[in-house]
$ cat target16.txt   # compact mmCIF, C-alpha atoms
# COMPACT_ATOMS: atom_id res chain seq x y z
CA MET V 9 156.18 -12.40 -16.34
CA ALA V 10 158.18 -11.62 -19.47
CA CYS V 11 161.33 -11.35 -17.36
CA VAL V 12 160.72 -14.83 -15.94
CA LEU V 13 160.40 -16.38 -19.43
CA LEU V 14 163.52 -14.62 -20.68
CA PHE V 15 165.55 -15.72 -17.70
CA GLY V 16 164.32 -19.28 -18.32
CA ARG V 17 165.95 -19.17 -21.76
CA LEU V 18 169.15 -17.59 -20.46
CA LEU V 19 169.44 -20.02 -17.55
CA PRO V 20 171.56 -22.64 -19.44
CA PHE V 21 174.49 -20.30 -19.86
CA SER V 22 173.91 -18.10 -16.83
CA HIS V 23 176.18 -20.33 -14.73
CA ARG V 24 179.11 -19.05 -16.79
CA LEU V 25 178.51 -15.49 -15.62
CA ARG V 26 179.76 -14.10 -12.43
CA GLY V 27 177.25 -12.92 -9.77
CA THR V 28 177.85 -9.22 -10.48
CA SER V 29 177.26 -9.67 -14.20
CA ILE V 30 173.96 -11.43 -13.52
CA CYS V 31 172.75 -8.50 -11.37
CA LEU V 32 173.67 -5.95 -14.04
CA LEU V 33 172.00 -7.99 -16.74
CA SER V 34 168.83 -8.25 -14.60
CA LEU V 35 168.69 -4.49 -14.08
CA PHE V 36 169.22 -3.78 -17.77
CA LEU V 37 166.47 -6.20 -18.83
CA SER V 38 164.07 -4.73 -16.23
CA TYR V 39 164.75 -1.25 -17.60
CA LEU V 40 164.00 -2.40 -21.18
CA PHE V 41 160.67 -3.92 -20.16
CA TYR V 42 159.80 -0.81 -18.09
CA CYS V 43 160.39 1.39 -21.15
CA ALA V 44 158.27 -0.90 -23.32
CA LEU V 45 155.34 -0.83 -20.85
CA PHE V 46 155.47 2.92 -20.00
CA PRO V 47 156.82 4.79 -23.01
CA ASP V 48 155.47 8.22 -21.90
CA GLY V 49 157.34 8.23 -18.63
CA ALA V 50 154.34 9.89 -16.98
CA ILE V 51 153.76 7.19 -14.40
CA MET V 52 154.58 7.85 -10.77
CA GLN V 53 154.60 11.61 -11.39
CA THR V 54 153.16 13.81 -8.66
CA SER V 55 151.82 17.32 -8.83
CA GLY V 56 154.37 20.09 -8.59
CA ASP V 57 157.95 19.93 -9.79
CA PRO V 58 158.48 16.78 -11.90
CA THR V 59 162.13 16.58 -10.79
CA ALA V 60 161.30 16.82 -7.12
CA GLY V 61 161.75 13.08 -6.64
CA CYS V 62 165.10 12.86 -8.48
CA GLN V 63 167.27 13.48 -5.46
CA ARG V 64 167.03 12.20 -1.91
CA ALA V 65 169.19 11.92 1.15
CA ASP V 66 170.47 8.49 2.00
CA GLY V 67 172.43 8.63 5.26
CA ALA V 68 175.38 10.98 4.88
CA LYS V 69 175.59 10.57 1.11
CA ARG V 70 173.62 12.26 -1.71
CA ARG V 71 172.60 9.92 -4.45
CA LEU V 72 170.94 10.69 -7.71
CA GLN V 73 168.00 8.44 -8.55
CA LYS V 74 168.00 7.72 -12.26
CA SER V 75 164.24 7.61 -12.54
CA LEU V 76 162.56 8.01 -15.87
CA SER V 77 161.40 11.53 -15.03
CA CYS V 78 165.01 12.54 -14.44
CA LEU V 79 166.15 11.00 -17.74
CA LEU V 80 163.41 12.72 -19.75
CA PRO V 81 164.21 16.08 -21.34
CA SER V 82 162.65 19.15 -19.74
CA ASP V 83 160.03 19.67 -22.47
CA ALA V 84 158.89 16.04 -22.12
CA ARG V 85 158.62 16.45 -18.36
CA LEU V 86 156.44 19.56 -18.83
CA SER V 87 154.11 17.65 -21.13
CA ALA V 88 153.71 14.97 -18.49
CA VAL V 89 152.79 17.53 -15.84
CA GLU V 90 150.31 19.24 -18.14
CA ALA V 91 148.71 15.90 -18.89
CA SER V 92 148.44 15.22 -15.16
CA ARG V 93 146.77 18.57 -14.55
CA LEU V 94 144.38 18.00 -17.42
CA LYS V 95 143.28 14.73 -15.90
CA ALA V 96 142.79 16.45 -12.55
CA ASP V 97 140.63 19.11 -14.18
CA GLN V 98 138.47 16.41 -15.70
CA ARG V 99 137.72 14.82 -12.33
CA PRO V 100 134.17 15.33 -11.02
CA HIS V 101 133.65 18.19 -8.53
CA PHE V 102 131.35 17.75 -5.57
CA ALA V 103 131.28 21.32 -4.20
CA HIS V 104 128.07 22.17 -6.10
CA HIS V 105 125.22 20.07 -7.37
CA THR V 106 123.94 20.60 -10.88
CA ALA V 107 120.30 20.92 -11.70
CA GLY V 108 118.68 19.22 -14.66
CA ASN V 109 118.99 22.35 -16.79
CA GLY V 110 122.75 22.48 -16.26
CA THR V 111 122.59 25.41 -13.79
CA PRO V 112 124.63 24.86 -10.61
CA SER V 113 122.36 24.61 -7.60
CA PRO V 114 123.28 25.95 -4.13
CA PRO V 115 125.47 23.82 -1.86
CA MET V 116 123.65 21.25 0.21
CA SER V 117 124.53 23.15 3.42
CA ASN V 118 122.49 26.13 2.14
CA LEU V 119 119.61 23.93 1.07
CA LYS V 120 119.48 22.30 4.47
CA PHE V 121 120.20 25.15 6.85
CA GLY V 122 119.67 28.40 4.94
CA ASN V 123 121.81 31.50 5.39
CA LYS V 124 122.44 34.06 8.10
CA LYS V 125 120.81 37.31 7.07
CA LEU V 126 120.51 40.76 8.59
CA PRO V 127 117.09 41.13 10.25
CA ASN V 128 114.02 42.07 8.24
CA ALA V 129 112.21 43.17 11.41
CA ILE V 130 113.33 44.33 14.85
CA ILE V 131 111.42 44.64 18.11
CA VAL V 132 112.96 47.92 19.28
CA GLY V 133 111.06 48.53 22.51
CA VAL V 134 110.07 49.09 25.12
CA LYS V 135 111.59 47.61 28.23
CA LYS V 136 108.97 45.96 30.48
CA GLY V 137 106.36 46.47 27.80
CA GLY V 138 105.99 42.84 26.74
CA THR V 139 108.75 42.48 24.14
CA ARG V 140 109.77 38.98 25.25
CA ALA V 141 106.18 37.78 24.97
CA VAL V 142 105.81 39.14 21.43
CA LEU V 143 109.07 37.49 20.38
CA GLU V 144 108.15 34.11 21.88
CA PHE V 145 104.65 34.22 20.41
CA ILE V 146 105.76 35.18 16.88
CA ARG V 147 108.46 32.50 16.88
CA ILE V 148 105.71 29.89 16.72
CA HIS V 149 105.22 30.97 13.11
CA PRO V 150 107.13 28.67 10.72
CA ASP V 151 108.17 31.62 8.55
CA VAL V 152 109.92 33.46 11.40
CA ARG V 153 113.34 32.83 12.90
CA ALA V 154 114.72 35.07 15.63
CA ALA V 155 117.89 35.59 17.64
CA GLY V 156 117.36 34.16 21.11
CA THR V 157 119.14 36.87 23.09
CA GLU V 158 119.22 40.65 22.95
CA THR V 159 122.10 41.61 20.66
CA HIS V 160 122.44 45.29 21.68
CA PHE V 161 124.21 45.86 18.39
CA PHE V 162 122.85 49.31 17.55
CA ASP V 163 123.34 50.75 21.04
CA ARG V 164 126.37 49.00 22.58
CA ASN V 165 128.19 46.93 19.94
CA TYR V 166 127.90 49.03 16.80
CA ASP V 167 131.67 49.29 16.39
CA ARG V 168 131.85 45.51 15.86
CA GLY V 169 130.35 45.90 12.40
CA LEU V 170 127.45 44.42 10.46
CA GLU V 171 129.18 41.10 9.77
CA TRP V 172 129.50 40.51 13.52
CA TYR V 173 125.80 41.38 13.84
CA ARG V 174 124.89 39.02 10.98
CA GLY V 175 126.77 36.24 12.72
CA LEU V 176 124.38 36.48 15.70
CA MET V 177 121.35 35.80 13.51
CA PRO V 178 119.83 32.34 13.03
CA ARG V 179 120.00 30.63 9.66
CA THR V 180 116.88 31.24 7.59
CA LEU V 181 115.51 30.12 4.28
CA GLU V 182 114.76 32.66 1.57
CA SER V 183 111.05 32.69 2.42
CA GLN V 184 111.59 33.23 6.16
CA ILE V 185 111.84 36.45 8.15
CA THR V 186 114.82 37.11 10.42
CA MET V 187 114.07 39.00 13.64
CA GLU V 188 115.73 40.19 16.80
CA LYS V 189 114.66 42.22 19.83
CA THR V 190 116.53 44.72 21.96
CA PRO V 191 114.11 46.96 23.93
CA SER V 192 116.67 49.67 24.68
CA TYR V 193 116.85 50.62 20.98
CA PHE V 194 113.69 52.72 21.20
CA VAL V 195 115.19 55.15 23.71
CA THR V 196 118.72 55.29 22.26
CA LYS V 197 119.20 58.44 20.20
CA GLU V 198 121.66 57.00 17.64
CA THR V 199 119.73 53.80 16.92
CA PRO V 200 117.20 55.01 14.30
CA HIS V 201 119.92 56.42 12.07
CA ARG V 202 122.05 53.29 12.44
CA ILE V 203 119.21 50.93 11.56
CA SER V 204 118.21 53.04 8.55
CA THR V 205 121.84 52.92 7.39
CA MET V 206 121.66 49.10 7.50
CA SER V 207 118.31 49.05 5.66
CA GLN V 208 115.58 51.62 5.26
CA ASP V 209 113.15 48.76 4.63
CA THR V 210 113.51 47.30 8.13
CA LYS V 211 110.14 46.84 9.84
CA LEU V 212 110.01 48.04 13.44
CA ILE V 213 107.82 46.78 16.28
CA VAL V 214 107.29 48.76 19.49
CA VAL V 215 105.44 47.20 22.42
CA VAL V 216 104.04 50.02 24.56
CA ARG V 217 102.35 49.96 27.94
CA ASP V 218 100.84 52.42 30.40
CA PRO V 219 103.99 54.39 31.31
CA VAL V 220 103.12 54.49 35.02
CA THR V 221 102.61 50.72 35.23
CA ARG V 222 105.72 50.23 33.10
CA ALA V 223 107.85 52.37 35.46
CA ILE V 224 106.64 50.40 38.50
CA SER V 225 107.40 47.11 36.73
CA ASP V 226 110.86 48.41 35.82
CA TYR V 227 111.52 49.38 39.43
CA THR V 228 110.24 46.00 40.71
CA GLN V 229 112.69 44.16 38.45
CA THR V 230 115.63 46.34 39.52
CA LEU V 231 114.71 45.95 43.20
CA SER V 232 114.80 42.16 42.86
CA LYS V 233 118.44 42.46 41.82
CA THR V 234 119.39 45.36 44.12
CA PRO V 235 117.55 45.00 47.46
CA ASP V 236 119.08 48.19 48.97
CA LEU V 237 117.62 50.37 46.21
CA PRO V 238 116.01 53.67 47.37
CA SER V 239 112.22 53.81 47.40
CA PHE V 240 110.27 54.30 44.20
CA GLN V 241 109.12 57.76 45.26
CA ASP V 242 112.65 58.89 46.08
CA LEU V 243 113.78 57.96 42.57
CA ALA V 244 110.68 59.15 40.69
CA PHE V 245 110.39 62.62 42.19
CA ARG V 246 112.73 65.49 42.72
CA ASN V 247 110.14 67.03 44.98
CA GLN V 248 107.04 64.91 45.53
CA SER V 249 105.24 67.56 47.58
CA LEU V 250 105.41 69.87 44.57
CA GLY V 251 104.83 67.06 42.08
CA ILE V 252 108.17 67.58 40.33
CA VAL V 253 109.09 64.36 38.52
CA ASP V 254 112.72 63.40 37.90
CA MET V 255 112.80 62.93 34.13
CA SER V 256 116.45 61.86 34.25
CA TRP V 257 115.56 58.57 35.96
CA ASN V 258 115.55 55.96 33.22
CA ALA V 259 112.36 54.27 34.46
CA ILE V 260 110.54 57.59 33.97
CA ARG V 261 112.30 58.65 30.78
CA ILE V 262 111.42 55.46 28.87
CA GLY V 263 107.69 56.22 29.19
CA LEU V 264 107.97 59.51 27.27
CA TYR V 265 106.97 57.66 24.09
CA ALA V 266 106.11 60.76 22.05
CA LEU V 267 109.58 62.25 22.50
CA HIS V 268 111.33 59.04 21.45
CA LEU V 269 109.01 58.50 18.48
CA GLU V 270 109.83 61.95 17.10
CA ASN V 271 113.43 60.82 16.74
CA TRP V 272 112.42 57.65 14.86
CA LEU V 273 110.16 59.51 12.45
CA HIS V 274 113.16 61.41 11.13
CA TYR V 275 114.40 58.14 9.61
CA PHE V 276 111.35 55.88 9.15
CA PRO V 277 107.77 56.51 7.99
CA LEU V 278 105.05 55.78 10.52
CA ALA V 279 103.68 53.01 8.27
CA GLN V 280 106.90 51.09 8.87
CA ILE V 281 106.43 51.08 12.66
CA HIS V 282 103.87 48.84 14.35
CA PHE V 283 102.74 49.48 17.93
CA VAL V 284 101.62 46.57 20.09
CA SER V 285 99.46 47.23 23.14
CA GLY V 286 101.07 45.60 26.17
CA GLU V 287 97.69 45.54 27.91
CA ARG V 288 95.84 43.83 25.05
CA LEU V 289 98.74 41.39 24.69
CA ILE V 290 97.61 40.04 28.06
CA THR V 291 93.84 40.13 27.56
CA ASP V 292 93.78 39.21 23.84
CA PRO V 293 97.13 37.76 22.74
CA ALA V 294 95.70 36.16 19.59
CA GLY V 295 94.21 39.47 18.42
CA GLU V 296 97.44 41.38 18.97
CA MET V 297 99.52 38.69 17.27
CA ALA V 298 97.13 38.68 14.30
CA ARG V 299 97.94 42.35 13.77
CA VAL V 300 101.67 41.67 14.13
CA GLN V 301 101.46 38.93 11.48
CA ASP V 302 99.57 41.26 9.15
CA PHE V 303 102.23 43.93 9.62
CA LEU V 304 105.01 41.46 8.78
CA GLY V 305 103.14 40.19 5.72
CA LEU V 306 102.68 36.72 7.20
CA LYS V 307 99.77 34.33 7.00
CA ARG V 308 97.79 34.27 10.25
CA ILE V 309 99.03 31.00 11.70
CA VAL V 310 99.45 32.07 15.36
CA THR V 311 95.83 32.12 16.61
CA ASP V 312 93.83 31.72 19.81
CA LYS V 313 94.34 27.95 19.70
CA HIS V 314 97.96 28.56 20.74
CA PHE V 315 97.21 30.38 24.01
CA TYR V 316 95.75 29.79 27.44
CA PHE V 317 95.63 32.18 30.41
CA ASN V 318 97.79 31.24 33.39
CA ARG V 319 95.90 32.56 36.41
CA THR V 320 98.89 32.10 38.71
CA LYS V 321 101.12 34.34 36.62
CA GLY V 322 98.29 36.55 35.41
CA PHE V 323 99.71 36.19 31.91
CA PRO V 324 98.94 34.15 28.76
CA CYS V 325 101.09 31.11 28.08
CA LEU V 326 101.54 29.00 24.98
CA LYS V 327 99.70 25.71 24.91
CA LYS V 328 101.98 22.72 24.93
CA PRO V 329 103.05 21.40 21.52
CA GLU V 330 102.17 17.81 20.72
CA SER V 331 105.82 16.86 21.12
CA SER V 332 106.13 18.47 24.56
CA GLY V 333 104.90 17.36 27.94
CA SER V 334 104.28 20.83 29.37
CA PRO V 335 103.06 24.26 28.24
CA ARG V 336 105.48 27.09 27.52
CA CYS V 337 105.28 30.08 29.85
CA LEU V 338 107.64 33.01 30.10
CA GLY V 339 110.33 33.07 32.79
CA LYS V 340 109.84 33.71 36.49
CA SER V 341 110.61 37.41 36.03
CA LYS V 342 107.52 37.78 33.81
CA GLY V 343 104.24 38.45 35.56
CA ARG V 344 105.83 39.00 39.00
CA THR V 345 103.85 40.96 41.60
CA HIS V 346 104.62 44.67 41.54
CA VAL V 347 105.84 46.67 44.49
CA GLN V 348 103.02 48.57 46.20
CA ILE V 349 103.27 52.29 45.48
CA ASP V 350 101.50 55.11 47.28
CA ARG V 351 98.27 56.03 45.50
CA ASP V 352 99.09 59.77 45.57
CA ALA V 353 102.42 59.10 43.84
CA ILE V 354 100.63 57.14 41.11
CA GLU V 355 98.15 59.96 40.50
CA GLN V 356 100.97 62.50 40.33
CA LEU V 357 102.71 60.39 37.71
CA ARG V 358 99.50 60.05 35.70
CA ASP V 359 99.17 63.83 35.67
CA PHE V 360 102.78 64.10 34.55
CA TYR V 361 102.45 61.61 31.68
CA ARG V 362 99.00 62.74 30.45
CA PRO V 363 100.14 65.40 27.93
CA TYR V 364 102.85 63.09 26.58
CA ASN V 365 100.31 60.27 26.20
CA VAL V 366 97.84 62.48 24.35
CA LYS V 367 100.57 63.60 21.96
CA PHE V 368 101.58 59.98 21.41
CA TYR V 369 97.97 58.98 20.63
CA GLU V 370 97.80 61.74 18.05
CA MET V 371 101.10 60.76 16.45
CA VAL V 372 100.20 57.08 15.98
CA GLY V 373 96.48 57.60 15.38
CA HIS V 374 95.37 55.32 18.20
CA ASP V 375 94.09 55.85 21.76
CA PHE V 376 95.66 53.33 24.14
CA LYS V 377 93.38 54.51 27.01
CA TRP V 378 96.04 54.78 29.72
CA GLU V 379 93.83 56.73 32.11
$ encode --input "target16.txt" --output "C-alpha cells"
Amino acid sequence: MACVLLFGRLLPFSHRLRGTSICLLSLFLSYLFYCALFPDGAIMQTSGDPTAGCQRADGAKRRLQKSLSCLLPSDARLSAVEASRLKADQRPHFAHHTAGNGTPSPPMSNLKFGNKKLPNAIIVGVKKGGTRAVLEFIRIHPDVRAAGTETHFFDRNYDRGLEWYRGLMPRTLESQITMEKTPSYFVTKETPHRISTMSQDTKLIVVVRDPVTRAISDYTQTLSKTPDLPSFQDLAFRNQSLGIVDMSWNAIRIGLYALHLENWLHYFPLAQIHFVSGERLITDPAGEMARVQDFLGLKRIVTDKHFYFNRTKGFPCLKKPESSGSPRCLGKSKGRTHVQIDRDAIEQLRDFYRPYNVKFYEMVGHDFKWE
C-alpha cells in the first residue's frame, strides 16, 4: 500500500524516465519497504542450512538469488536459525498427555489397548486332557486375556526369542493376566528350564485325565486324520500276549504323569503348579474353574450360571452371551466318539499305568481315582 502512495507522488515526473529506469526504481523501493517491514531477515527461513535457498538452477544457467538470508552475515544467519529452533521447541507436543499433577501420563494407545506382556500363567498340558476347554472357560473372566492358538514357543520356536513370543500375546491392561496354552510343553524335557528362565513366578496349569482314556482319545484323533493308521493294539503293545507295553509310542508316553512331573519339580515348586481333573471338568465345570480362578488369584466370576451340559456332545458348553444368538461349544473334534478297543487291552493298560498313577497321586497329594 505504501508503494502505491509513493508511486502516486512520483507519477507526474515518471513519464520522463525510460522504461528500464522505472523497473529499477520499483525494485529498489520494494527492497527498502521489505527491509523496513522485516528487519531481522528471519522470514521465509526453513529448517536446516539457512543458505540452502540462495542458489537454484534456472535452465542451463546458475543464478544467485540475492535473498535477504544470503545478504546477511553468517553470524546473523545463525541467530535466525536458532530463533527458529527455539520457536519449534516451544510448540505443544501431543505424543504424551499430561496429568493434573504435571506427570506425563501414558500414550492414549496404551490406555486404550494395554500392552503385550509375557504370560503370567501357562496351560502346559496335557494333550487330549481338556486344555482347550479350560482355556475357553477361563477366557470368560474379564481379567484374563489369552493367545488364541498354541504358540509352541518353548518346544519348537525357542530360537526365535522372547520378543517374538511376546508379540504373539494379546494386549492386556496392568490388572489383567496374560495366558497361553501348549499341551506338548508338559512332556518336553527342555521346557521347564526354559520357562523358569523367562520367569520363575510363572503359574502352571496341567489338565490331567485317566491315561488309558487319554491314549484312546489321542489315537481316535490321529485316526481321523490318518485313516490307514495301524490298530490301537499294534501301536500300544510290543507284545500284547505278554502284556509288554510300548512306552516309546507318544500316546502311551504322555500318560506317565509322574515321570514328567519329576522334571518340572526341579525348576518349580509344587505350589506353583495346579492340576485340573479332566473328568471333573466334564461333570462339574464350575467347580473345577472355581479352583482355577483361586489358583490364579482371580475373583470367582466364572460360575455354574455360565455352563450347560450338551447331551449330544457329552460335554459342557458355555451358555450364550446376551449379545449372541447361540451357545458356545468346543469344536467338532471335542467330545467325538472314541474308537472301540478290546476290553483285555484296556485292562492290560490299566495294570501298566497303575504304579505310575499311584506315584503321581502321592506327588500331588490328590487321588484322581483312575481305576
$ atom_distance --input "target16.txt" --atom1 "CA of Tyr369 in chain V" --atom2 "CA of Ala266 in chain V"
8.5 Å
$ closest_residue --input "target16.txt" --among "V:Lys327, V:Arg319, V:Arg261, V:Lys211" --to "Pro277 in chain V" --atoms "all atoms listed in the file"
V:Lys211
$ residues_around --input "target16.txt" --residues "His268 in chain V" --least-positions-apart "4" --cutoff "7 Å" --atoms "all atoms listed in the file" --output "PyMOL selection string"
chain V and resi 194-195+264+272
$ closest_residue --input "target16.txt" --among "V:Arg336, V:Arg299, V:Arg217, V:His274" --to "Glu379 in chain V" --atoms "all atoms listed in the file"
V:Arg217
$ residues_near_point --input "target16.txt" --point "(96.8, 37.9, 10.8)" --cutoff "12 Å" --atoms "only C-alpha atoms" --output "list in words"
Ile146, His149, Pro293, Ala294, Gly295, Glu296, Met297, Ala298, Arg299, Val300, Gln301, Asp302, Phe303, Leu304, Gly305, Leu306, Lys307, Arg308, Ile309, Val310, Thr311 and Asp312 of chain V
$ closest_atom_pairs --input "target16.txt" --of "range 134-182 of chain V" --to "range 236-259 of chain V" --cutoff "12 Å" --atoms "all atoms listed in the file" --output "JSON lines"
{"residue": "V:Val134", "atom": "CA", "partner": "V:Ala259", "partner_atom": "CA", "distance": 10.9}
{"residue": "V:Lys135", "atom": "CA", "partner": "V:Ala259", "partner_atom": "CA", "distance": 9.2}
{"residue": "V:Lys136", "atom": "CA", "partner": "V:Ala259", "partner_atom": "CA", "distance": 9.8}
{"residue": "V:Gly137", "atom": "CA", "partner": "V:Ala259", "partner_atom": "CA", "distance": 11.9}
$ atom_distance --input "target16.txt" --atom1 "CA of Gln184 in chain V" --atom2 "CA of Ile290 in chain V"
26.9 Å
$ closest_residue --input "target16.txt" --among "V:Phe376, V:Tyr316, V:Tyr275, V:Phe368" --to "Thr210 in chain V" --atoms "all atoms listed in the file"
V:Tyr275
$ residues_around --input "target16.txt" --residues "Gly175 in chain V" --least-positions-apart "3" --cutoff "9 Å" --atoms "only C-alpha atoms" --output "list in words"
Lys124, Lys125, Leu126, Leu170, Glu171, Trp172 and Pro178 of chain V
$ atom_distance --input "target16.txt" --atom1 "CA of Val215 in chain V" --atom2 "CA of Arg140 in chain V"
9.7 Å
$ closest_residue --input "target16.txt" --among "V:Thr159, V:Asn165, V:Thr345, V:Thr320" --to "Ser225 in chain V" --atoms "all atoms listed in the file"
V:Thr345
$ closest_residue --input "target16.txt" --among "V:Tyr265, V:Phe317, V:Phe121, V:Tyr173" --to "Arg153 in chain V" --atoms "all atoms listed in the file"
V:Phe121
$ closest_residue --input "target16.txt" --among "V:Asp163, V:Thr180, V:Asp218, V:Lys233" --to "Tyr364 in chain V" --atoms "only C-alpha atoms"
V:Asp218
